[in-house]
Each structure stands twice: as structure tokens, then as C-alpha cells.
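Next comes entry-v6.cif, a file with mmCIF, C-alpha atoms.
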data_target
#
loop_
_atom_site.label_atom_id
_atom_site.label_comp_id
_atom_site.auth_asym_id
_atom_site.auth_seq_id
_atom_site.Cartn_x
_atom_site.Cartn_y
_atom_site.Cartn_z
CA MET Q 1 0.00 0.00 0.00
CA ILE Q 2 2.77 2.37 1.04
CA LYS Q 3 4.69 1.35 -2.05
CA PHE Q 4 1.65 2.20 -4.11
CA ILE Q 5 1.32 5.68 -2.64
CA LEU Q 6 5.03 6.39 -2.98
CA ARG Q 7 4.96 5.32 -6.59
CA ASN Q 8 2.14 7.74 -7.34
CA ILE Q 9 3.93 10.58 -5.58
CA TRP Q 10 7.02 9.86 -7.67
CA ARG Q 11 4.94 9.89 -10.81
CA PHE Q 12 3.47 13.25 -9.78
CA VAL Q 13 6.90 14.83 -9.29
CA ILE Q 14 8.44 13.35 -12.43
CA LEU Q 15 5.52 14.33 -14.66
CA VAL Q 16 5.51 17.91 -13.35
CA ILE Q 17 9.25 18.21 -13.98
CA LEU Q 18 8.97 16.65 -17.45
CA GLN Q 19 6.11 19.01 -18.31
CA ILE Q 20 7.86 22.23 -17.26
CA VAL Q 21 11.34 21.30 -18.47
CA ILE Q 22 10.60 19.57 -21.75
CA PHE Q 23 7.01 19.59 -22.90
CA ASN Q 24 6.28 23.26 -22.23
CA ASN Q 25 9.11 23.99 -24.67
CA ILE Q 26 7.79 21.75 -27.42
CA GLN Q 27 5.68 24.17 -29.38
CA PHE Q 28 4.74 23.07 -32.85
CA SER Q 29 3.99 26.01 -35.12
CA GLY Q 30 3.84 28.45 -32.25
CA TYR Q 31 0.71 27.49 -30.38
CA ILE Q 32 0.31 23.74 -30.12
CA ASN Q 33 1.51 22.53 -26.77
CA PRO Q 34 1.18 18.93 -25.50
CA TYR Q 35 0.21 18.57 -21.83
CA ILE Q 36 1.33 15.12 -20.82
CA TYR Q 37 1.20 15.68 -17.06
CA VAL Q 38 -2.49 14.64 -17.05
CA LEU Q 39 -1.16 11.08 -17.32
CA PHE Q 40 -0.98 11.23 -13.52
CA ILE Q 41 -4.77 11.54 -13.25
CA LEU Q 42 -5.30 8.87 -15.88
CA LEU Q 43 -3.12 6.30 -14.10
CA LEU Q 44 -4.43 6.73 -10.54
CA PRO Q 45 -5.75 3.38 -9.26
CA PHE Q 46 -9.48 2.60 -9.52
CA GLU Q 47 -9.83 2.47 -5.73
CA THR Q 48 -8.60 6.04 -5.18
CA PRO Q 49 -11.09 7.80 -2.86
CA LYS Q 50 -12.99 10.46 -4.74
CA TRP Q 51 -11.93 13.31 -2.47
CA LEU Q 52 -8.29 12.32 -2.93
CA LEU Q 53 -8.78 12.21 -6.69
CA ILE Q 54 -10.03 15.82 -6.74
CA LEU Q 55 -7.49 17.06 -4.21
CA SER Q 56 -4.47 15.50 -5.92
CA SER Q 57 -5.62 16.75 -9.33
CA PHE Q 58 -5.99 20.24 -7.92
CA LEU Q 59 -2.46 20.10 -6.49
CA LEU Q 60 -1.14 18.77 -9.81
CA GLY Q 61 -2.72 21.63 -11.76
CA LEU Q 62 -1.59 24.18 -9.21
CA SER Q 63 2.05 23.06 -9.39
CA ILE Q 64 2.00 23.39 -13.19
CA ASP Q 65 0.36 26.82 -12.79
CA ILE Q 66 3.04 28.11 -10.45
CA PHE Q 67 5.73 27.27 -12.98
CA SER Q 68 3.96 28.69 -15.99
CA ASN Q 69 2.41 31.90 -14.60
CA THR Q 70 -1.13 30.76 -15.26
CA LEU Q 71 -2.44 30.62 -11.69
CA GLY Q 72 -5.72 28.69 -11.53
CA MET Q 73 -6.04 27.68 -15.18
CA HIS Q 74 -4.47 24.24 -15.08
CA ALA Q 75 -5.93 23.68 -11.61
CA ALA Q 76 -9.44 24.34 -12.91
CA ALA Q 77 -8.95 22.07 -15.92
CA CYS Q 78 -7.48 19.26 -13.80
CA VAL Q 79 -10.28 19.42 -11.24
CA PHE Q 80 -12.78 19.23 -14.08
CA MET Q 81 -10.97 16.24 -15.53
CA ALA Q 82 -10.87 14.50 -12.15
CA PHE Q 83 -14.60 15.11 -11.74
CA MET Q 84 -15.24 13.50 -15.12
CA ARG Q 85 -13.05 10.45 -14.49
CA PRO Q 86 -15.46 8.25 -12.43
CA HIS Q 87 -18.27 8.99 -14.88
CA VAL Q 88 -16.12 8.10 -17.88
CA LEU Q 89 -14.85 4.94 -16.17
CA GLN Q 90 -18.40 3.88 -15.46
CA TYR Q 91 -19.50 4.59 -19.01
CA ILE Q 92 -16.77 2.56 -20.70
CA SER Q 93 -16.47 -0.22 -18.09
CA PRO Q 94 -16.03 -3.74 -19.49
CA ARG Q 95 -18.96 -6.14 -19.09
CA GLU Q 96 -17.63 -7.88 -16.02
CA GLY Q 97 -16.60 -4.61 -14.36
CA TYR Q 98 -13.13 -3.67 -13.15
CA GLU Q 99 -11.13 -6.35 -11.38
CA ALA Q 100 -9.90 -5.67 -7.89
CA SER Q 101 -6.24 -4.54 -7.69
CA SER Q 102 -6.03 -3.92 -11.44
CA LEU Q 103 -4.91 -0.57 -12.86
CA PRO Q 104 -6.26 1.60 -15.69
CA ARG Q 105 -3.60 0.58 -18.18
CA ILE Q 106 -3.22 -0.94 -21.60
CA SER Q 107 -1.70 -4.10 -20.13
CA TYR Q 108 -4.88 -4.80 -18.13
CA TYR Q 109 -7.72 -3.62 -20.34
CA GLY Q 110 -6.27 -3.43 -23.84
CA PHE Q 111 -5.54 -0.73 -26.36
CA ASN Q 112 -9.14 -0.01 -27.37
CA TRP Q 113 -10.30 0.58 -23.85
CA PHE Q 114 -7.33 2.78 -23.00
CA ILE Q 115 -7.66 4.93 -26.08
CA LYS Q 116 -11.35 5.58 -25.40
CA TYR Q 117 -10.56 6.39 -21.80
CA SER Q 118 -7.67 8.75 -22.55
CA ILE Q 119 -9.28 10.52 -25.52
CA THR Q 120 -12.42 11.43 -23.56
CA LEU Q 121 -10.57 12.72 -20.53
CA ILE Q 122 -7.78 14.50 -22.39
CA LEU Q 123 -10.28 16.24 -24.68
CA ALA Q 124 -12.27 17.34 -21.62
CA HIS Q 125 -9.12 18.69 -19.98
CA HIS Q 126 -7.69 20.46 -23.05
CA ILE Q 127 -10.91 22.08 -24.21
CA PHE Q 128 -11.63 23.32 -20.70
CA LEU Q 129 -8.06 24.60 -20.36
CA PHE Q 130 -7.92 26.45 -23.67
CA TYR Q 131 -11.28 28.13 -23.17
CA ILE Q 132 -10.44 29.22 -19.65
CA GLU Q 133 -7.14 30.59 -20.97
CA VAL Q 134 -8.78 32.89 -23.54
CA PHE Q 135 -11.73 33.43 -21.16
CA THR Q 136 -14.00 34.43 -24.00
CA PHE Q 137 -16.04 32.69 -26.68
CA SER Q 138 -15.04 35.12 -29.41
CA GLY Q 139 -12.94 33.29 -31.99
CA TYR Q 140 -14.16 30.00 -30.60
CA PHE Q 141 -13.26 28.00 -33.72
CA PHE Q 142 -9.67 29.14 -33.44
CA THR Q 143 -9.53 28.16 -29.77
CA LEU Q 144 -11.23 24.86 -30.49
CA SER Q 145 -8.75 24.00 -33.22
CA ARG Q 146 -5.85 24.82 -30.92
CA ALA Q 147 -7.37 22.60 -28.22
CA LEU Q 148 -8.00 19.71 -30.62
CA LEU Q 149 -4.53 19.84 -32.16
CA SER Q 150 -2.85 19.97 -28.76
CA SER Q 151 -5.03 17.08 -27.54
CA LEU Q 152 -3.97 15.04 -30.54
CA PHE Q 153 -0.31 15.48 -29.66
CA SER Q 154 -0.93 14.77 -25.97
CA ILE Q 155 -2.86 11.59 -26.75
CA ILE Q 156 -0.15 10.33 -29.12
CA LEU Q 157 2.58 11.03 -26.56
CA ILE Q 158 0.63 9.46 -23.69
CA VAL Q 159 -0.27 6.29 -25.57
CA PHE Q 160 3.31 6.07 -26.83
CA SER Q 161 4.65 6.45 -23.27
CA GLN Q 162 2.51 3.49 -22.22
CA TYR Q 163 4.38 1.25 -24.63
CA VAL Q 164 7.81 2.62 -23.79
CA ILE Q 165 7.67 2.76 -19.99
CA TYR Q 166 5.01 0.31 -18.83
CA ARG Q 167 5.88 -2.75 -20.87
CA LYS Q 168 4.97 -6.00 -19.24
CA MET O 1 -31.28 18.51 9.70
CA ARG O 2 -30.92 14.85 8.88
CA THR O 3 -32.08 15.38 5.32
CA LEU O 4 -29.49 18.12 4.98
CA VAL O 5 -26.71 15.79 6.16
CA LYS O 6 -28.03 13.12 3.81
CA PHE O 7 -28.00 15.59 0.97
CA PHE O 8 -24.39 16.53 1.66
CA LEU O 9 -23.32 12.90 1.93
CA ARG O 10 -25.05 12.03 -1.29
CA TYR O 11 -23.65 14.87 -3.34
CA TYR O 12 -20.35 15.41 -1.53
CA TYR O 13 -18.36 14.55 -4.63
CA PHE O 14 -20.14 17.12 -6.76
CA LEU O 15 -19.94 19.74 -4.00
CA LEU O 16 -16.23 19.06 -3.55
CA PHE O 17 -15.76 19.46 -7.27
CA LEU O 18 -17.70 22.74 -7.25
CA THR O 19 -15.66 24.10 -4.35
CA PHE O 20 -12.31 23.40 -6.00
CA GLU O 21 -13.50 24.57 -9.40
CA ILE O 22 -14.82 27.86 -8.04
CA PHE O 23 -11.63 28.38 -6.09
CA SER O 24 -9.51 27.77 -9.22
CA ILE O 25 -11.56 30.12 -11.35
CA PHE O 26 -11.39 32.69 -8.56
CA LEU O 27 -7.59 32.38 -8.76
CA VAL O 28 -7.69 32.89 -12.54
CA ILE O 29 -9.84 36.01 -12.31
CA GLU O 30 -7.93 37.37 -9.36
CA ASN O 31 -4.62 37.10 -11.24
CA ASN O 32 -5.89 38.04 -14.64
CA ASN O 33 -4.89 41.60 -14.00
CA TYR O 34 -1.24 41.36 -14.88
CA GLN O 35 -0.15 44.28 -12.80
CA LYS O 36 -1.21 42.66 -9.55
CA THR O 37 1.76 41.61 -7.52
CA LEU O 38 1.55 38.03 -6.49
CA PHE O 39 3.89 35.66 -4.82
CA LEU O 40 3.04 32.55 -6.80
CA ASN O 41 4.64 33.50 -10.09
CA SER O 42 7.76 32.42 -11.86
CA ALA O 43 9.78 35.22 -10.28
CA ASN O 44 9.62 33.76 -6.78
CA PHE O 45 12.72 32.36 -5.22
CA PHE O 46 11.99 28.65 -5.61
CA SER O 47 10.83 28.42 -9.20
CA GLY O 48 13.18 31.24 -10.23
CA ASN O 49 16.20 29.25 -9.17
CA ILE O 50 14.99 26.09 -10.88
CA TYR O 51 14.43 27.99 -14.10
CA LYS O 52 17.88 29.53 -13.78
CA GLY O 53 19.40 26.06 -13.60
CA ILE O 54 17.48 24.98 -16.69
CA ALA O 55 18.48 28.12 -18.56
CA ASN O 56 22.14 27.54 -17.71
CA LEU O 57 21.92 24.16 -19.39
CA THR O 58 19.91 25.19 -22.42
CA SER O 59 21.84 28.40 -23.11
CA TYR O 60 24.68 26.29 -24.44
CA ILE O 61 22.49 25.19 -27.31
CA ASN O 62 22.04 28.74 -28.55
CA LEU O 63 25.56 29.81 -27.66
CA LYS O 64 26.81 30.16 -31.19
CA GLN O 65 23.95 32.31 -32.38
CA THR O 66 24.02 34.41 -29.20
CA ASN O 67 27.73 35.03 -29.64
CA GLU O 68 27.19 36.14 -33.20
CA GLU O 69 24.44 38.52 -32.17
CA LEU O 70 26.50 39.97 -29.34
CA SER O 71 29.59 40.43 -31.47
CA ALA O 72 27.51 42.11 -34.17
CA GLU O 73 26.18 44.50 -31.58
CA ASN O 74 29.67 45.09 -30.17
CA THR O 75 30.90 45.98 -33.62
CA ARG O 76 28.08 48.44 -34.08
CA LEU O 77 28.74 50.04 -30.69
CA ASN O 78 32.49 50.18 -31.32
CA ASN O 79 31.83 51.97 -34.56
CA ILE O 80 30.02 54.82 -32.85
CA LEU O 81 32.57 55.21 -30.07
CA LYS O 82 34.36 58.51 -29.98
CA ASN O 83 37.70 56.73 -30.30
CA SER O 84 36.91 55.48 -33.73
CA TYR O 85 36.49 58.99 -35.12
CA LYS O 86 39.40 61.12 -36.12
CA THR O 87 39.00 64.78 -35.40
CA ASN O 88 39.75 67.54 -37.90
CA GLU O 89 40.01 70.18 -35.25
CA ILE O 90 43.44 71.18 -34.12
CA SER O 91 42.75 71.77 -30.46
CA LEU O 92 39.96 70.54 -28.27
CA LEU O 93 38.51 72.64 -25.51
CA GLU O 94 36.78 70.72 -22.76
CA ILE O 95 33.55 72.31 -21.67
CA TYR O 96 31.29 71.13 -18.90
CA ASP O 97 28.07 70.76 -20.78
CA SER O 98 24.89 70.83 -18.71
CA THR O 99 22.68 70.57 -21.78
CA TYR O 100 23.08 66.81 -21.83
CA PHE O 101 22.44 64.48 -18.97
CA GLN O 102 21.68 60.81 -18.79
CA GLN O 103 18.03 59.86 -19.15
CA TYR O 104 18.14 56.10 -19.74
CA THR O 105 20.09 53.33 -17.99
CA THR O 106 20.68 49.89 -19.45
CA THR O 107 21.22 46.60 -17.66
CA ALA O 108 21.99 43.35 -19.45
CA ALA O 109 20.05 40.27 -18.36
CA GLN O 110 19.62 36.66 -19.36
CA VAL O 111 16.22 35.20 -20.20
CA ILE O 112 15.73 32.10 -18.05
CA ASN O 113 12.13 31.25 -18.89
CA ASN O 114 10.09 32.09 -21.94
CA SER O 115 6.97 31.05 -23.80
CA VAL O 116 5.29 32.00 -27.09
CA ASN O 117 2.42 29.53 -27.26
CA ARG O 118 -0.04 30.96 -24.75
CA GLN O 119 -2.43 33.87 -25.09
CA ASN O 120 -0.68 35.75 -22.29
CA ASN O 121 3.03 35.13 -22.48
CA TYR O 122 5.56 36.09 -19.85
CA LEU O 123 9.34 35.88 -19.57
CA THR O 124 11.55 35.56 -16.54
CA ILE O 125 14.97 37.23 -16.42
CA ASP O 126 17.85 36.68 -14.03
CA LYS O 127 18.15 40.23 -12.71
CA GLY O 128 15.99 41.65 -9.93
CA GLU O 129 15.62 44.34 -7.32
CA LYS O 130 19.19 43.93 -6.08
CA GLN O 131 20.49 44.65 -9.58
CA GLY O 132 18.35 47.78 -9.85
CA ILE O 133 15.38 46.40 -11.78
CA SER O 134 11.98 47.82 -10.91
CA PRO O 135 8.48 47.35 -12.36
CA GLU O 136 7.58 49.21 -15.57
CA MET O 137 11.07 49.17 -16.98
CA ALA O 138 11.34 48.42 -20.68
CA VAL O 139 12.97 45.22 -21.95
CA ILE O 140 14.53 45.10 -25.41
CA SER O 141 16.73 42.66 -27.29
CA PRO O 142 19.47 43.57 -29.79
CA LYS O 143 16.90 43.03 -32.55
CA GLY O 144 13.84 44.82 -31.16
CA ILE O 145 11.52 45.34 -28.24
CA VAL O 146 10.54 42.46 -25.94
CA GLY O 147 8.25 43.63 -23.13
CA ILE O 148 7.80 45.42 -19.82
CA VAL O 149 8.90 44.34 -16.33
CA THR O 150 5.87 43.52 -14.15
CA ASN O 151 7.04 41.89 -10.91
CA VAL O 152 10.46 41.85 -9.30
CA SER O 153 11.88 39.68 -6.55
CA ASN O 154 15.36 40.00 -5.06
CA ASN O 155 17.21 38.33 -7.91
CA PHE O 156 14.62 37.73 -10.64
CA ALA O 157 12.03 39.68 -12.54
CA SER O 158 9.05 38.61 -14.61
CA VAL O 159 8.44 40.44 -17.85
CA ILE O 160 5.14 40.73 -19.70
CA SER O 161 5.98 39.99 -23.31
CA ILE O 162 4.50 41.97 -26.20
CA LEU O 163 3.08 38.56 -27.15
CA ASN O 164 0.38 39.07 -24.52
CA THR O 165 -3.20 39.91 -25.33
CA ASN O 166 -3.35 42.28 -22.34
CA MET O 167 -0.47 44.36 -23.63
CA ARG O 168 -0.71 47.65 -25.51
CA ILE O 169 2.26 49.62 -26.74
CA SER O 170 2.35 53.01 -28.39
CA ALA O 171 4.05 52.56 -31.76
CA MET O 172 4.68 54.82 -34.74
CA ILE O 173 5.51 54.53 -38.42
CA LYS O 174 9.07 55.72 -38.79
CA LYS O 175 8.77 57.59 -42.08
CA ASN O 176 5.80 59.83 -41.26
CA GLY O 177 5.49 59.73 -37.48
CA CYS O 178 1.87 58.56 -37.38
CA PHE O 179 1.24 56.69 -34.16
CA GLY O 180 -1.16 53.96 -33.12
CA SER O 181 -1.35 51.18 -30.59
CA LEU O 182 0.26 47.79 -30.99
CA VAL O 183 -1.70 44.77 -29.76
CA TRP O 184 -1.28 41.03 -30.17
CA ASP O 185 -4.16 38.91 -31.41
CA GLY O 186 -2.78 35.70 -29.88
CA LYS O 187 -2.30 33.89 -33.17
CA ASN O 188 1.17 34.03 -34.63
CA TYR O 189 4.23 34.68 -32.48
CA ARG O 190 6.00 36.46 -35.34
CA GLU O 191 3.23 39.02 -35.99
CA THR O 192 1.30 41.68 -34.12
CA ILE O 193 -1.42 44.12 -35.10
CA LEU O 194 -1.03 47.89 -35.30
CA LYS O 195 -4.31 49.73 -34.86
CA ASP O 196 -5.55 53.33 -34.99
CA ILE O 197 -3.59 54.49 -38.05
CA PRO O 198 -6.05 56.67 -40.02
CA ASN O 199 -6.92 55.84 -43.65
CA HIS O 200 -5.48 58.99 -45.20
CA VAL O 201 -1.91 58.12 -44.23
CA LYS O 202 0.09 56.55 -47.04
CA ILE O 203 1.76 53.31 -45.98
CA ASN O 204 3.59 50.56 -47.83
CA ILE O 205 4.54 46.99 -47.09
CA GLY O 206 8.03 47.03 -45.63
CA ASP O 207 7.69 50.31 -43.71
CA THR O 208 9.52 50.30 -40.38
CA ILE O 209 7.57 50.48 -37.11
CA ILE O 210 9.31 51.94 -34.05
CA THR O 211 8.31 52.82 -30.49
CA SER O 212 6.83 56.28 -30.13
CA GLY O 213 8.30 57.14 -26.74
CA TYR O 214 5.03 58.67 -25.55
CA SER O 215 4.48 56.15 -22.78
CA SER O 216 7.59 57.00 -20.64
CA ILE O 217 8.49 53.30 -20.64
CA PHE O 218 10.14 52.67 -23.99
CA PRO O 219 12.63 55.20 -25.31
CA LYS O 220 11.68 56.68 -28.65
CA GLY O 221 12.83 54.95 -31.82
CA LYS O 222 13.36 51.37 -30.68
CA LEU O 223 12.73 48.94 -33.52
CA ILE O 224 9.52 46.86 -33.39
CA GLY O 225 9.27 45.41 -36.88
CA VAL O 226 8.12 46.03 -40.44
CA ILE O 227 4.68 46.15 -42.04
CA SER O 228 3.98 42.81 -43.70
CA ASP O 229 0.34 43.31 -44.62
CA PHE O 230 -2.43 45.90 -44.24
CA LYS O 231 -6.09 46.26 -45.07
CA GLN O 232 -8.85 48.81 -44.62
CA LYS O 233 -11.87 47.80 -42.64
CA LYS O 234 -15.06 48.33 -44.58
CA GLY O 235 -16.73 51.49 -43.31
CA GLY O 236 -13.95 52.15 -40.83
CA ASN O 237 -11.57 55.05 -40.67
CA PHE O 238 -8.54 53.08 -39.66
CA TYR O 239 -6.16 50.57 -41.17
CA LEU O 240 -5.62 47.11 -39.74
CA ILE O 241 -1.87 46.67 -40.11
CA THR O 242 0.00 43.41 -39.59
CA VAL O 243 3.52 43.97 -38.30
CA LYS O 244 6.22 41.35 -38.63
CA LEU O 245 8.22 41.50 -35.41
CA SER O 246 11.96 41.88 -35.70
CA THR O 247 12.52 39.97 -32.46
CA ASN O 248 12.30 36.20 -32.71
CA PHE O 249 10.80 35.33 -29.33
CA LYS O 250 11.66 31.67 -29.68
CA LYS O 251 15.37 32.43 -29.77
CA LEU O 252 15.67 35.07 -27.04
CA SER O 253 18.58 34.60 -24.70
CA TYR O 254 20.07 37.98 -23.74
CA VAL O 255 18.06 41.16 -23.27
CA TYR O 256 18.60 44.71 -22.04
CA VAL O 257 16.46 46.29 -19.34
CA ILE O 258 16.03 50.04 -19.80
CA GLY O 259 15.16 52.36 -16.96
CA ASN O 260 14.02 55.94 -17.43
CA PHE O 261 15.30 58.48 -14.89
CA LEU O 262 12.66 61.00 -15.91
CA LYS O 263 9.69 58.64 -15.79
CA GLN O 264 8.41 59.86 -12.44
CA GLU O 265 8.71 63.48 -13.50
CA GLN O 266 6.74 62.84 -16.69
CA LYS O 267 4.10 60.85 -14.84
CA ASP O 268 3.64 63.51 -12.16
CA LEU O 269 3.24 66.17 -14.78
CA GLU O 270 0.73 64.15 -16.75
CA LYS O 271 -1.22 63.47 -13.58
CA ILE O 272 -1.59 67.18 -12.93
CA SER O 273 -2.87 67.73 -16.46
CA GLU O 274 -5.36 64.87 -16.10
CA ASN O 275 -6.83 66.42 -12.98
CA ASP O 276 -7.58 69.69 -14.72
#

How does the structure come out when it is put into C-alpha cells?
Amino acid sequence: MIKFILRNIWRFVILVILQIVIFNNIQFSGYINPYIYVLFILLLPFETPKWLLILSSFLLGLSIDIFSNTLGMHAAACVFMAFMRPHVLQYISPREGYEASSLPRISYYGFNWFIKYSITLILAHHIFLFYIEVFTFSGYFFTLSRALLSSLFSIILIVFSQYVIYRK
Amino acid sequence: MRTLVKFFLRYYYFLLFLTFEIFSIFLVIENNNYQKTLFLNSANFFSGNIYKGIANLTSYINLKQTNEELSAENTRLNNILKNSYKTNEISLLEIYDSTYFQQYTTTAAQVINNSVNRQNNYLTIDKGEKQGISPEMAVISPKGIVGIVTNVSNNFASVISILNTNMRISAMIKKNGCFGSLVWDGKNYRETILKDIPNHVKINIGDTIITSGYSSIFPKGKLIGVISDFKQKKGGNFYLITVKLSTNFKKLSYVYVIGNFLKQEQKDLEKISEND
């Protein structure tokens, strides 16, 4: 149990560092920016208490905010994503439900399940984030296209990372 | 009472979500005003030092280009030094001249954090209060203007970039002196929009845009960029001019911070006139 918690804390720290050091500097054509740190929320175990889910997502967003001068924006998007997670999990659950002590990963539930899971949540996070950043609905197609393009890159990187780091 | 407790227990997840969401959005709105001093920004001690470490590593990548830029600027400065001119006069008389006195100071600084992809971009530089940096100083690069200092800590300062949708700068067309305001539309990091230039003024693609010096922050005549495109709004009296910036914000590494000794004097005077 302790090992489990420590592992998640490590993942939190490493993802925040990776995001601010590397991925915030990857900017395709000026305004597409992948946000891979949401992988932390995606990979939290199924049994995570709901209050902890929201609280840890808030802290995750806040730490990204502090480093990128966007106080509140990432926090708001992460909290929204965390709120959506149980609903999405319920909606796409396999017929026999989730096994005890399994994790939301490709190695347990397959590629199709994981891609559905990550696309829904990452889209929710990115669209929320980009709209709260411009804080207006004027030019909403432009904002939407930025959000969709960035989501695409995030999804590719996150799915790719699953094959590179979490091989069985 | 029991129904109330039941209600809270039933919907605690949604209520928790609402609480955190409202708090986050409160933070966004509270800090939207970029002039507000806040502790949790990239100029604070902790994140400032981390960014400095990162910048030390990454500056090696751009070292060659930075060196070239600096040596080009050195050459230019050397060329206008008094030593490089030969005098035709036979004798020189030294006169204490009170007509000229220093108005602007310059401090060199290194950019340690930068972004171009957001709607409101900021930079962090490695000089702060101890090195004489204060808010509302102008920041320029060898190639053109960069932004304005917003917050300072002891050893770092955060700079609002001209690539920020909250930013407005007074700019003028060099050849005829017509001035308008420069804003960024948040789309392309190489281009900004110049507004408020009336239709009757003749402009061409390629005309140089410089700072007007009216705002007491930027000195007059600092390069901003060149006109790359312009159109007239139907039924409007003003052009919509696209300006290609001369500064490449993706490759910034060294900048100069410019302070104005006479800023307070100008501001005080303008305040008196406003009150009339």
C-alpha cells in the first residue's frame, strides 16, 4: 500500500518536472503545446477515494500553474478532468466490471479501452483549459482547433509512453 | 437537519468538485490583471532558481547564435565610439556641458524562462531588485523590443511579453510619425497588429515600425518590426496593419532592461494635467 502511494507521488513529481522542463518547450507552429502531465490523473488506481482524486488533481494543476504563470487555469482544468473520471470509467467499463487490484492501463484492459478512456478525458481537460485561458467565446473556432490539435499530440505522446515505460 | 446531512453525503463529490472549481476560477480572475503583484509566479525564489538552472543548461544550445548577435552588436557600438572617429580640429577645448544628462540606464540580463504559445506570455529574467530592476522598466533585445517588467523579486524579474493579449504599446511609423497602438491577437508569435492608423496616411509593405516614446516606458525609436500586410476595414476610418516582429521570441537569450530616470517626472506632470 505504502509502495503504491510512494509510486504515485514519484509519478506526480516526475511528470511535473517533465512538463515544465521539456514539454512546455515543445511548441509546434507556435501554439500547439502537449500537456502530458495529465497522465498522472489517468493512471491513478481505480480504488482512489474520490476526495483524494479531486485534491491530488488540484495540487497537480496548481504546481503546473506556479511554474507557468497561469495561476488557476491548469488547476481548474485538472479538477474538471478529475470530476469527469469516475463517470467516464463507469461509461466505458467492461462487461464484467473492473477487477480488484487492477490498474487503468493498456496491459490490463487493452488498447481499445485505453484509447477511449484517454481521448475522452484529455479532450475534456484540453478544451476546458484552452477556453479558460482565452476566457471568451469570441474566436471559438480558433480556440477549439488549438485545443483539438494539442489534444492530438498529448494523446499520441501518452499512448506512446505506455508502450515505452510500462511494458509488461 | 438529517435530510441536509443526507444531501451533503449524497452529493459530496459534486460539491467538492464545485468548491475546488470555483476556487480555481477565482484564482484565474484574481490574477488576470497582470499588474497585480503576487507571490506565486515564476519570479519567486523557488521556481526562479529552478528555471535559472534549466536556462544555464539550455543556453549552451544557442551559444553560437548568441555570440554572433553579441559580437555584431559590439561591432556596431564600437563603430560609434568617440575613439573610432578622427578629429579635424586642431585643439579641443573641454567644456562642462549641462545641456546633456543621462536619461536612460541599461542593464543586461539573461532570459531564463520564456513562452510563445499561450495567449498571455511572460518571460523571466535573471536580474531583480538587487540589480536595480523595478516594475515598468522596458525590456529590449538587440533586434527589437521584448516587453515590460511587471514583478520583481530579489534576484529575478518577470516580464510581460508583447506577445500578450493584455499588452498595448504606443508605436509609430518611422517615415511619417503617425502613431497607433500595438496589440497582439494571440495567433502568430511572429506578428502583431497595429491599430488606430487613419486611412489617409500613405503606408507601404516594408515600412519600419518603431516605439513612439510617448508612454515614458520605452525610449523613442526602438525597432519593433516592419509592415507585412495591411487592409482597410469596410466602413472604418482606420487601417488594420499586420507587423512582422523583428525579435524572434523563440530564440531570445540575452536582453537589455532600460530604466528611465525621468519617468516619475513625466508621470507627475501628466497626472496634474489629467486632474484639470

* Any idea what's packed within 12 Å of Q:Thr48, counting only C-alpha atoms, ignoring anything in its chain fewer than 5 positions away? Could you give it as a PyMOL selection string? -> chain Q and resi 1+4-5+8+41-43+53-57+82+85-86+101+103-104

Adding 5 Å on each side of the box along x, y and z that holds all listed atoms of stretch 56-60 of chain O, could you give its centre and edge lengths in Å to one decimal, as JSON?
{"center_x": 22.3, "center_y": 26.3, "center_z": -21.1, "size_x": 14.8, "size_y": 14.2, "size_z": 16.7}

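Distances here use all atoms listed in the file; by that measure, the residue among O:Ile241, O:Cys178, O:Val152, O:Ile50 closest to O:His200 is O:Cys178.
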
* On this structure, which residues satisfy the PyMOL selection byres ((chain Q) within 9 of (chain O)), written as a PyMOL selection string? -> chain Q and resi 21+24-25+27-33+50-51+54-55+58+62+65-77+79-80+82-83+132-134+142

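Using all atoms listed in the file, the nearest neighbour of Q:Glu47 within the list Q:Tyr98, Q:Tyr108, Q:Tyr117, Q:Phe141 is Q:Tyr98.
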
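The gap separating atom CA of O:Ile133 from atom CA of O:Thr211 is 21.0 Å, in Å to one decimal.
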